[in-house]
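What follows is a short report on a single structure.
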Amino acid sequence: MVQPLLEVRSLDVRYGAVQAVDGINFEVEQGEIIALLGANGAGKSSTLNAIAGLVPTFGGEVQFDGQNITNLRPEMLPGLGMTLSPEGRRVFGTLSVAENLQMGAFGMKDPQEIAAAWDRVYTLFPILAERRDQFAGTLSGGQQQMLAVGRALMSNPKMLLLDEPSLGLAPKIIEQIFELITTLNQQGVTILVVEQNVSMALEVANRAYVLANGQIATSGDAKELAASNNLQNAYLGGA
Amino acid sequence: MELFLQQTVNAFALGGTYALLALGLAVVFSIMGLINFAHGELMTIAGYVLMYCGLAGISFVFAVPLALLASTFAAVLMERVAFRPVRNSSGATMLVTSFAVAMILQVIFQNFISVRSQPVLLPEALSGSITIGGLVIGVNKLVAIISTVIMLIFLDRFLSKQKYGIAMRAAAEDFAVARLMGIRANTVIAGAFAISGLLAGVAAILWVSQRASVDPLMGFTPVLKAFIAAILGGLGSLRGAVAGGFLLGFIEIYLAAFLPPALQEFRDPIGLGLVVLVLLMRPNGLLPAASLKAEKV
């Protein structure tokens, strides 16, 4: 079997005495869309933040593209081909749309690659091209989410980590976001998405892992999970 | 009227110096949440470089870049040695560290240079004055105003046009996300310190050119004023720091010029009273930082 693109082994994340993630194992194969589901406080965001190096891991190992990236500084990741679009979008509100995107390509050297990244993002999101000189803070929530994803795409990543991309958005925009996830995947980007919107996430994902109390309660094929009641049990703490 | 204009020029000169210092404090604070009270010692270092250059017979034209280089380098070194180890600590820990750095440097100056104030040789042209439309303006005041304007334009260009400048604004707004973009924390912080050191150097040259002397505690008072200016403008906000610096300069100069002699004794309390009044009306300062606004929403 080919080595998975992302491999997480016995990952432990603690905040003082609180165990947020308790020895979880999972992997993401090249080209997959994987959903990480679970109730509030189940450890989803902590898992993503630990992979990205934003919070220190207490134990375990993270392998990405054949390299050990455990506890690597977050600024090293884009260069390796992974970016995280954080929860709550967190666009730089006092920077213009174009400046936000420019920051997304911060570590890139090749002018041709950079030009291609601008093209790709402005083609995916014409609205960002239209508003390039506007402060990001003045965009609507949906546009800010597009900017957050566009910014993460500027470094031309192999793998994109998305933390709650549908949070606080109108249903119509949420649909666009999930369509976008499929489109990006078709362009060859492997995606790990943390979501509260379970039904939408399972619709686009290949596989899913469901977290409860920092552990993987259940996992499997997205379609099968959607049909079974393991999912409900995991959310209600019955599993 | 003439006295008023005269004092306005003085206010711009002093306010500009405060603005440069407050900017230096704000640049570092906006990036890493540190209020660097050792900022004043960067001024003192630049002042001593000017003094030694004078003693060594080095022309002022070369002494100025050397002084700027020294304060910039000292700022970067300060970050590397003293502040990097406490980078993720609480604001209080970093603040106390900066007091420690300030005191260590003051003791070093006192023991290895002199406890007493030392004269600094300045070019004669600086102490001259020119007459513009009946207004007699000291060359040093004019130089102060022009230098301030040049520095402000330079900094504004850097922050709005250069990739690294934009990265510093991004890091000031959301440090963690800036790192996710591949912006290196060490580079941004070292850059912030380099800028603050450069600004302290320029402020030191302007400060020394009004007084022609340097002493181990030279930096304390202006940086305390700059700190007040930064709070007045909105801590962490760069535009606020400039506004606060000028406002404080105006308050001080006008009070010194126009307060009745009987009240001159109370100049500082009255000035600070005005600062408190402004803060009562605008608790986050004149032009609060964006990150602060975001937290309030």
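Order determines the names: the first chain of the structure tokens is A, the second B, and so forth; residues in each chain are numbered 1 upward, and ligands are numbered 1 upward as they are shown.
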**Message:** Run DSSP on the backbone and tell me which residues of segment 73-286 of chain B come out as helix (DSSP H, G or I); list them as a PyMOL selection string.
**Reply:** chain B and resi 73-86+91-112+124-127+139-161+163-173+175-180+185-211+220-233+238-258+261-281
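For segment 8-10 of chain A, the non-local neighbours within 9 Å, defined as residues at least 5 positions apart in the same chain or in other chains and counting only C-alpha atoms, are A:Asp22, A:Gly23, A:Ile24, A:Asn25, A:Phe26, A:Glu27, A:Val28, A:Ile51, A:Gly59, A:Gly60, A:Glu61, A:Val62, A:Gln63, A:Phe64.
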**Asked** as an NGL selection string, which residues of segment 18-192 of chain A does DSSP assign to strand (DSSP E)?
**Response** :A and (18-28 or 33-38 or 59-64 or 67-68 or 82-85 or 159-163 or 190-192)
**Asked** Near chain A, which residues of chain B fall within 7 Å when you count only C-alpha atoms, and what do they look like as JSON, numbers by chain?
**Response** {"B": [167, 170, 173, 179, 180, 181, 182, 183, 184, 290]}
Would you export the selected residues with N, CA and C atoms as a PDB file, in the first residue's frame, please?
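Final file, result-v5.pdb:
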ATOM      1  N   ALA B 167       3.432  42.033   5.920  1.00  0.00           N
ATOM      2  CA  ALA B 167       3.485  40.886   6.833  1.00  0.00           C
ATOM      3  C   ALA B 167       3.498  41.347   8.291  1.00  0.00           C
ATOM      4  N   ALA B 170       0.007  42.208   9.147  1.00  0.00           N
ATOM      5  CA  ALA B 170      -0.759  40.970   9.309  1.00  0.00           C
ATOM      6  C   ALA B 170      -0.449  40.342  10.660  1.00  0.00           C
ATOM      7  N   GLU B 173      -2.068  42.026  13.523  1.00  0.00           N
ATOM      8  CA  GLU B 173      -3.499  41.766  13.666  1.00  0.00           C
ATOM      9  C   GLU B 173      -3.772  40.363  14.176  1.00  0.00           C
ATOM     10  N   ARG B 179       1.567  33.291  10.994  1.00  0.00           N
ATOM     11  CA  ARG B 179       2.519  32.181  10.961  1.00  0.00           C
ATOM     12  C   ARG B 179       2.014  31.066  10.053  1.00  0.00           C
ATOM     13  N   LEU B 180       0.707  30.824  10.082  1.00  0.00           N
ATOM     14  CA  LEU B 180       0.143  29.788   9.202  1.00  0.00           C
ATOM     15  C   LEU B 180       0.385  30.103   7.730  1.00  0.00           C
ATOM     16  N   MET B 181       0.532  31.394   7.415  1.00  0.00           N
ATOM     17  CA  MET B 181       0.797  31.794   6.024  1.00  0.00           C
ATOM     18  C   MET B 181       2.253  31.579   5.649  1.00  0.00           C
ATOM     19  N   GLY B 182       3.079  31.188   6.619  1.00  0.00           N
ATOM     20  CA  GLY B 182       4.494  30.991   6.324  1.00  0.00           C
ATOM     21  C   GLY B 182       5.350  32.186   6.717  1.00  0.00           C
ATOM     22  N   ILE B 183       4.742  33.149   7.414  1.00  0.00           N
ATOM     23  CA  ILE B 183       5.498  34.315   7.884  1.00  0.00           C
ATOM     24  C   ILE B 183       6.212  33.915   9.173  1.00  0.00           C
ATOM     25  N   ARG B 184       7.545  33.979   9.164  1.00  0.00           N
ATOM     26  CA  ARG B 184       8.295  33.482  10.316  1.00  0.00           C
ATOM     27  C   ARG B 184       8.190  34.418  11.505  1.00  0.00           C
ATOM     28  N   ALA B 290      -6.794  47.847  15.612  1.00  0.00           N
ATOM     29  CA  ALA B 290      -7.865  47.022  15.051  1.00  0.00           C
ATOM     30  C   ALA B 290      -8.107  45.776  15.880  1.00  0.00           C
TER      31      ALA B 290
END
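Counting from atom CA of Ile228 of chain B, the distance to atom CA of Phe37 of chain B is 11.9 Å.
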**Asked** Got a sec: who's within 10 Å of segment 17-20 of chain A, counting only C-alpha atoms, leaving out chain neighbours fewer than 4 positions off, as an MDAnalysis selection string?
**Response** chainID A and resid 12:13 41:47 58 212:215
Dump of all heavy atoms for the selected residues, as a short mmCIF file (atom, residue, chain, number, x, y, z; two decimals), in the first residue's frame:
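The resulting file, part-v7.cif, is reproduced below:
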data_model
loop_
_atom_site.label_atom_id
_atom_site.label_comp_id
_atom_site.auth_asym_id
_atom_site.auth_seq_id
_atom_site.Cartn_x
_atom_site.Cartn_y
_atom_site.Cartn_z
N ASP A 12 -1.76 13.13 21.16
CA ASP A 12 -2.21 13.56 22.49
C ASP A 12 -2.10 15.08 22.55
O ASP A 12 -1.04 15.62 22.28
CB ASP A 12 -1.24 13.00 23.55
CG ASP A 12 -1.92 12.01 24.48
OD1 ASP A 12 -3.08 11.66 24.20
OD2 ASP A 12 -1.28 11.61 25.46
N VAL A 13 -3.18 15.75 22.92
CA VAL A 13 -3.10 17.20 23.14
C VAL A 13 -3.69 17.50 24.50
O VAL A 13 -4.80 17.03 24.82
CB VAL A 13 -3.88 18.00 22.06
CG1 VAL A 13 -3.77 19.49 22.33
CG2 VAL A 13 -3.34 17.69 20.67
N GLY A 41 -16.23 20.59 21.60
CA GLY A 41 -15.30 20.15 22.65
C GLY A 41 -14.84 18.72 22.48
O GLY A 41 -14.21 18.17 23.39
N ALA A 42 -15.14 18.10 21.34
CA ALA A 42 -14.74 16.70 21.14
C ALA A 42 -13.24 16.60 20.83
O ALA A 42 -12.66 15.52 20.93
CB ALA A 42 -15.55 16.08 20.03
N GLY A 43 -12.64 17.70 20.42
CA GLY A 43 -11.20 17.69 20.14
C GLY A 43 -10.87 17.86 18.67
O GLY A 43 -9.73 17.66 18.26
N LYS A 44 -11.85 18.25 17.86
CA LYS A 44 -11.62 18.38 16.41
C LYS A 44 -10.63 19.49 16.08
O LYS A 44 -9.63 19.27 15.40
CB LYS A 44 -12.95 18.68 15.68
CG LYS A 44 -14.07 17.72 15.99
CD LYS A 44 -15.33 18.07 15.22
CE LYS A 44 -15.87 19.47 15.47
NZ LYS A 44 -16.56 19.69 16.74
N SER A 45 -10.93 20.69 16.61
CA SER A 45 -10.04 21.82 16.31
C SER A 45 -8.67 21.62 16.93
O SER A 45 -7.66 21.99 16.33
CB SER A 45 -10.66 23.13 16.82
OG SER A 45 -11.75 23.48 16.01
N SER A 46 -8.65 21.03 18.13
CA SER A 46 -7.35 20.77 18.77
C SER A 46 -6.51 19.85 17.90
O SER A 46 -5.29 20.03 17.79
CB SER A 46 -7.55 20.13 20.14
OG SER A 46 -8.18 21.04 21.00
N THR A 47 -7.17 18.86 17.26
CA THR A 47 -6.44 17.96 16.38
C THR A 47 -5.82 18.73 15.21
O THR A 47 -4.63 18.61 14.93
CB THR A 47 -7.39 16.87 15.84
OG1 THR A 47 -7.96 16.18 16.96
CG2 THR A 47 -6.66 15.88 14.97
N PHE A 58 1.30 16.65 23.12
CA PHE A 58 1.82 16.08 24.36
C PHE A 58 2.48 14.73 24.06
O PHE A 58 3.42 14.32 24.72
CB PHE A 58 0.68 15.93 25.37
CG PHE A 58 1.14 15.58 26.74
CD1 PHE A 58 1.67 16.55 27.57
CD2 PHE A 58 1.06 14.26 27.20
CE1 PHE A 58 2.11 16.23 28.85
CE2 PHE A 58 1.50 13.94 28.48
CZ PHE A 58 2.03 14.93 29.30
N ALA A 212 -15.25 11.86 19.98
CA ALA A 212 -16.02 12.13 21.20
C ALA A 212 -15.04 12.06 22.36
O ALA A 212 -14.26 11.11 22.46
CB ALA A 212 -17.13 11.09 21.37
N ASN A 213 -15.04 13.08 23.18
CA ASN A 213 -14.14 13.16 24.33
C ASN A 213 -12.68 12.92 23.96
O ASN A 213 -11.95 12.23 24.67
CB ASN A 213 -14.56 12.16 25.42
CG ASN A 213 -15.96 12.43 25.90
OD1 ASN A 213 -16.33 13.59 26.08
ND2 ASN A 213 -16.75 11.37 26.07
N GLY A 214 -12.26 13.45 22.86
CA GLY A 214 -10.86 13.34 22.48
C GLY A 214 -10.46 12.01 21.89
O GLY A 214 -9.29 11.78 21.62
N GLN A 215 -11.43 11.10 21.70
CA GLN A 215 -11.09 9.81 21.10
C GLN A 215 -11.95 9.59 19.86
O GLN A 215 -12.99 10.21 19.71
CB GLN A 215 -11.35 8.69 22.10
CG GLN A 215 -10.39 8.75 23.27
CD GLN A 215 -10.67 7.70 24.32
OE1 GLN A 215 -11.83 7.32 24.53
NE2 GLN A 215 -9.62 7.23 24.97
#
**Asked** Excluding same-chain residues fewer than 5 positions from Thr97 of chain B, what lies within 9 Å of it counting only C-alpha atoms, as a list in words?
**Response** Asn36, Phe37, Ala82, Phe83, Val86, Ala92 and Ala102 of chain B
Save out the residues we just selected, all heavy atoms, as a PDB file, in the first residue's frame.
ATOM      1  N   ASN B  36       8.085  47.844  25.885  1.00  0.00           N
ATOM      2  CA  ASN B  36       9.523  47.780  26.112  1.00  0.00           C
ATOM      3  C   ASN B  36      10.038  49.044  26.781  1.00  0.00           C
ATOM      4  O   ASN B  36      10.343  50.029  26.110  1.00  0.00           O
ATOM      5  CB  ASN B  36      10.239  47.541  24.782  1.00  0.00           C
ATOM      6  CG  ASN B  36      11.725  47.388  24.977  1.00  0.00           C
ATOM      7  OD1 ASN B  36      12.193  47.235  26.092  1.00  0.00           O
ATOM      8  ND2 ASN B  36      12.458  47.444  23.882  1.00  0.00           N
ATOM      9  N   PHE B  37      10.178  48.996  28.106  1.00  0.00           N
ATOM     10  CA  PHE B  37      10.664  50.174  28.806  1.00  0.00           C
ATOM     11  C   PHE B  37      12.165  50.376  28.622  1.00  0.00           C
ATOM     12  O   PHE B  37      12.702  51.401  29.016  1.00  0.00           O
ATOM     13  CB  PHE B  37      10.265  50.135  30.283  1.00  0.00           C
ATOM     14  CG  PHE B  37       8.977  50.846  30.523  1.00  0.00           C
ATOM     15  CD1 PHE B  37       7.780  50.150  30.593  1.00  0.00           C
ATOM     16  CD2 PHE B  37       8.946  52.221  30.617  1.00  0.00           C
ATOM     17  CE1 PHE B  37       6.584  50.815  30.779  1.00  0.00           C
ATOM     18  CE2 PHE B  37       7.753  52.894  30.799  1.00  0.00           C
ATOM     19  CZ  PHE B  37       6.569  52.197  30.886  1.00  0.00           C
ATOM     20  N   ALA B  82      17.238  39.032  25.524  1.00  0.00           N
ATOM     21  CA  ALA B  82      16.379  39.201  26.695  1.00  0.00           C
ATOM     22  C   ALA B  82      14.920  38.811  26.454  1.00  0.00           C
ATOM     23  O   ALA B  82      14.284  38.221  27.333  1.00  0.00           O
ATOM     24  CB  ALA B  82      16.443  40.650  27.167  1.00  0.00           C
ATOM     25  N   PHE B  83      14.386  39.132  25.272  1.00  0.00           N
ATOM     26  CA  PHE B  83      12.937  38.985  25.116  1.00  0.00           C
ATOM     27  C   PHE B  83      12.519  37.687  24.455  1.00  0.00           C
ATOM     28  O   PHE B  83      11.402  37.222  24.656  1.00  0.00           O
ATOM     29  CB  PHE B  83      12.365  40.181  24.356  1.00  0.00           C
ATOM     30  CG  PHE B  83      12.509  41.469  25.114  1.00  0.00           C
ATOM     31  CD1 PHE B  83      13.193  42.552  24.592  1.00  0.00           C
ATOM     32  CD2 PHE B  83      11.978  41.581  26.395  1.00  0.00           C
ATOM     33  CE1 PHE B  83      13.345  43.723  25.307  1.00  0.00           C
ATOM     34  CE2 PHE B  83      12.113  42.755  27.122  1.00  0.00           C
ATOM     35  CZ  PHE B  83      12.809  43.821  26.577  1.00  0.00           C
ATOM     36  N   VAL B  86      11.345  34.965  26.871  1.00  0.00           N
ATOM     37  CA  VAL B  86      10.078  35.174  27.585  1.00  0.00           C
ATOM     38  C   VAL B  86       8.943  35.495  26.609  1.00  0.00           C
ATOM     39  O   VAL B  86       7.906  36.013  27.005  1.00  0.00           O
ATOM     40  CB  VAL B  86      10.187  36.312  28.626  1.00  0.00           C
ATOM     41  CG1 VAL B  86      11.156  35.919  29.728  1.00  0.00           C
ATOM     42  CG2 VAL B  86      10.607  37.631  28.002  1.00  0.00           C
ATOM     43  N   ALA B  92       2.972  40.840  31.877  1.00  0.00           N
ATOM     44  CA  ALA B  92       3.664  41.327  33.074  1.00  0.00           C
ATOM     45  C   ALA B  92       5.107  40.830  33.108  1.00  0.00           C
ATOM     46  O   ALA B  92       6.025  41.587  33.421  1.00  0.00           O
ATOM     47  CB  ALA B  92       2.915  40.873  34.327  1.00  0.00           C
ATOM     48  N   ALA B 102      16.509  47.614  31.089  1.00  0.00           N
ATOM     49  CA  ALA B 102      16.761  49.051  31.198  1.00  0.00           C
ATOM     50  C   ALA B 102      17.740  49.339  32.333  1.00  0.00           C
ATOM     51  O   ALA B 102      18.703  50.094  32.169  1.00  0.00           O
ATOM     52  CB  ALA B 102      15.442  49.794  31.424  1.00  0.00           C
TER      53      ALA B 102
END
